[in-house]
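S.K.: Pasting a structure below so you can have a look.
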Amino acid sequence: MQTETFVFFGIVGSGKGTQIKLLMDFLKKKDSKECVYAYPGDEFRKLISSGSYSGSIVKASLERGELQPDFLTNSIFANILLNSLTNDKHLFADGYPRTVEQAKTLEEMMKFYDRKNIKIVYIEVGREEALRRNLKRGRADDTEEGLAKRFNEYINKVVPAMNYFKDNKDYEIFTINGEQSVEDVQKDIIKALGF
């Protein structure tokens, strides 16, 4: 099996993290290749808990419900690739790119690493359902007001980042109905990807 590159999109609460983990497990059984999970969110949390000056700036902007600046997110994502990616590993991008600028940088990175046939998996969940799921999760930052801000950021910035790839021959977008059970979403993803 060839080495695959996946870019997952989905509004907060779409379950993309869960679906990525399930797909990684599925691929490991299928071909035992290693997977690189490139998730800037984890790196931002590490930065915050480090207590560094940069971490304190990130923490304050996250508390305001803002996306991080492109240069920071790009450098964190690039760093994951520099440290972990080889030509025989599958790559999973989660929570990146989140702006059109980041989408352009991802495109450059994929050219650099000679990655083609990139599969964009968009887990589509409506605003109402996403709100219901997030409030059920009960995280401290999941207030209706905070979520409304994050949903707007998603629609205004993240969706255009995904649409940037629409007419690019090296990228294919698969839209999956995320308002089903975890198992059914997983089945649909595997079927859509042709595995």
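How things are named: the first chain in the structure tokens is A, the next is B, and so on; residues count from 1 in each chain; ligands count from 1 in the order shown.
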Would you please extract all strand (DSSP E) residues from region 66-192 of chain A, as assigned by DSSP on the backbone, and give them as a compact mmCIF listing (two decimals) with C-alpha atoms, in the first residue's frame?
M.R.:
```
# COMPACT_ATOMS: atom_id res chain seq x y z
CA HIS A 90 1.32 7.91 6.65
CA LEU A 91 0.62 11.52 7.61
CA PHE A 92 -2.50 12.76 9.42
CA ALA A 93 -3.09 16.50 9.78
CA ASP A 94 -5.62 17.45 12.46
CA ILE A 118 -3.73 14.09 -0.58
CA LYS A 119 -7.07 13.11 0.87
CA ILE A 120 -9.07 15.78 2.65
CA VAL A 121 -11.72 14.30 4.93
CA TYR A 122 -14.41 16.80 5.88
CA ILE A 123 -16.65 15.57 8.69
CA GLU A 124 -19.75 17.69 8.27
CA TYR A 171 -6.01 17.06 -3.39
CA GLU A 172 -9.36 15.30 -3.20
CA ILE A 173 -12.10 16.35 -0.75
CA PHE A 174 -14.38 13.69 0.77
CA THR A 175 -17.42 15.04 2.62
CA ILE A 176 -18.72 12.68 5.31
CA ASN A 177 -21.97 13.00 7.26
```
S.K.: Closest to Ile11 (chain A) among A:Lys33, A:Lys191, A:Arg127, A:Lys111, using only C-alpha atoms?
M.R.: A:Arg127
S.K.: For Glu179 (chain A), list every protein, DNA or RNA residue within 12 Å, evaluated using only C-alpha atoms, and leave out those in the same chain fewer than 5 positions away; present the list as a ChimeraX atom specification.
M.R.: /A:10-11,13-16,123-130,132-133,184-186,188
S.K.: Write the residues you've just listed into a file as a PDB file, in the first residue's frame, and include C-alpha atoms for each of them.
M.R.:
```pdb
ATOM      1  CA  GLY A  10     -14.507  19.360  11.023  1.00  0.00           C
ATOM      2  CA  ILE A  11     -16.125  21.913  13.289  1.00  0.00           C
ATOM      3  CA  GLY A  13     -17.322  18.634  18.239  1.00  0.00           C
ATOM      4  CA  SER A  14     -17.393  16.847  14.858  1.00  0.00           C
ATOM      5  CA  GLY A  15     -15.425  13.939  16.326  1.00  0.00           C
ATOM      6  CA  LYS A  16     -12.498  14.256  13.931  1.00  0.00           C
ATOM      7  CA  ILE A 123     -16.647  15.568   8.691  1.00  0.00           C
ATOM      8  CA  GLU A 124     -19.745  17.691   8.271  1.00  0.00           C
ATOM      9  CA  VAL A 125     -21.761  18.437  11.398  1.00  0.00           C
ATOM     10  CA  GLY A 126     -24.352  21.217  11.664  1.00  0.00           C
ATOM     11  CA  ARG A 127     -24.011  24.042  14.147  1.00  0.00           C
ATOM     12  CA  GLU A 128     -26.904  22.842  16.365  1.00  0.00           C
ATOM     13  CA  GLU A 129     -25.535  19.311  16.685  1.00  0.00           C
ATOM     14  CA  ALA A 130     -21.991  20.598  17.287  1.00  0.00           C
ATOM     15  CA  ARG A 132     -25.191  20.073  21.690  1.00  0.00           C
ATOM     16  CA  ARG A 133     -22.129  17.778  21.631  1.00  0.00           C
ATOM     17  CA  ASP A 184     -21.134   4.657  10.804  1.00  0.00           C
ATOM     18  CA  VAL A 185     -18.948   7.716  10.280  1.00  0.00           C
ATOM     19  CA  GLN A 186     -15.906   5.411  10.321  1.00  0.00           C
ATOM     20  CA  ASP A 188     -18.335   5.939   5.502  1.00  0.00           C
TER      21      ASP A 188
END
```
S.K.: Can I get the residues of region 88-145 of chain A within 12 Å of region 66-71 of chain A, each with the closest pair of atoms and their distance in Å to one decimal, using only C-alpha atoms, sorted chain first then ascending number, as JSON lines?
M.R.:
```
{"residue": "A:Gly95", "atom": "CA", "partner": "A:Leu67", "partner_atom": "CA", "distance": 10.7}
{"residue": "A:Tyr96", "atom": "CA", "partner": "A:Asp70", "partner_atom": "CA", "distance": 10.3}
{"residue": "A:Pro97", "atom": "CA", "partner": "A:Asp70", "partner_atom": "CA", "distance": 9.1}
{"residue": "A:Arg98", "atom": "CA", "partner": "A:Leu67", "partner_atom": "CA", "distance": 8.1}
{"residue": "A:Thr99", "atom": "CA", "partner": "A:Asp70", "partner_atom": "CA", "distance": 7.6}
{"residue": "A:Val100", "atom": "CA", "partner": "A:Asp70", "partner_atom": "CA", "distance": 9.5}
{"residue": "A:Glu101", "atom": "CA", "partner": "A:Asp70", "partner_atom": "CA", "distance": 6.9}
{"residue": "A:Gln102", "atom": "CA", "partner": "A:Asp70", "partner_atom": "CA", "distance": 6.2}
{"residue": "A:Ala103", "atom": "CA", "partner": "A:Asp70", "partner_atom": "CA", "distance": 10.0}
{"residue": "A:Lys104", "atom": "CA", "partner": "A:Asp70", "partner_atom": "CA", "distance": 10.8}
{"residue": "A:Thr105", "atom": "CA", "partner": "A:Asp70", "partner_atom": "CA", "distance": 9.3}
{"residue": "A:Leu106", "atom": "CA", "partner": "A:Asp70", "partner_atom": "CA", "distance": 11.3}
```
S.K.: Which residues, written as JSON, numbers by chain, have at least one atom at most 10 Å from region 83-86 of chain A, with only C-alpha atoms counted and residues fewer than 2 positions away on the same chain left out?
M.R.: {"A": [3, 34, 35, 36, 37, 38, 78, 79, 80, 81, 88, 89, 90, 91, 113]}
S.K.: Taking into account only C-alpha atoms, which residue in the set A:Gln2, A:Leu62, A:Glu107, A:Pro40 is nearest to Ala161 (chain A)?
M.R.: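 Among the listed residues, the smallest separation from Ala161 (chain A) belongs to A:Glu107.
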S.K.: I'd like the neighbourhood of Gly65 (chain A) as a ChimeraX atom specification, where a residue qualifies if any of its atoms comes within 7 Å (using only C-alpha atoms), though same-chain residues fewer than 4 positions away should be ignored.
M.R.: /A:61,146,149-150
S.K.: Closest to Leu131 (chain A) among A:Leu27, A:Leu147, A:Ser50, A:Lys116, using only C-alpha atoms?
M.R.: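 Smallest distance to Leu131 (chain A) is found for A:Leu147.
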S.K.: List every residue of region 48-114 of chain A that DSSP, applied to the backbone, labels as helix (DSSP H, G or I), and write the result as an MDAnalysis selection string.
M.R.: chainID A and resid 48:49 53:63 70:84 100:112
S.K.: With distances taken over only C-alpha atoms, which of A:Ala192, A:Glu144, A:Ser75, A:Lys136 is nearest to Met109 (chain A)?
M.R.: A:Ser75
S.K.: For a quick check of understanding, using only C-alpha atoms, which of A:Phe9, A:Ser56, A:Thr143, A:Lys21 has the smallest distance to Asn163 (chain A)?
M.R.: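 Looking at the shortest contact to Asn163 (chain A), the residue is A:Phe9.
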S.K.: What is the distance between CA of Asp114 (chain A) and CA of Asn168 (chain A), in Å to one decimal?
M.R.: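 Separating CA of Asp114 (chain A) from CA of Asn168 (chain A) is a distance of 14.9 Å.
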S.K.: What is the distance between CA of Ile20 (chain A) and CA of Asn87 (chain A), in Å to one decimal?
M.R.: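 Atom-to-atom, CA of Ile20 (chain A) and CA of Asn87 (chain A) are spaced 19.8 Å apart.
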S.K.: Check the smallest atom-to-atom distance from each of A:Val12, A:Val7, A:Ile48, A:Met1 to Phe151 (chain A) using only C-alpha atoms, then report the winner.
M.R.: A:Val12
S.K.: Compile the contact shell of Lys187 (chain A) as a list of chain:residue names: residues with an atom at most 12 Å away, counting only C-alpha atoms, same-chain residues fewer than 2 positions apart removed.
M.R.: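 What passes the distance filter is A:Gln19, A:Leu22, A:Leu23, A:Phe26, A:Ile176, A:Asn177, A:Gly178, A:Gln180, A:Ser181, A:Val182, A:Glu183, A:Asp184, A:Val185, A:Ile189, A:Ile190, A:Lys191, A:Ala192, A:Leu193, A:Gly194, A:Phe195.
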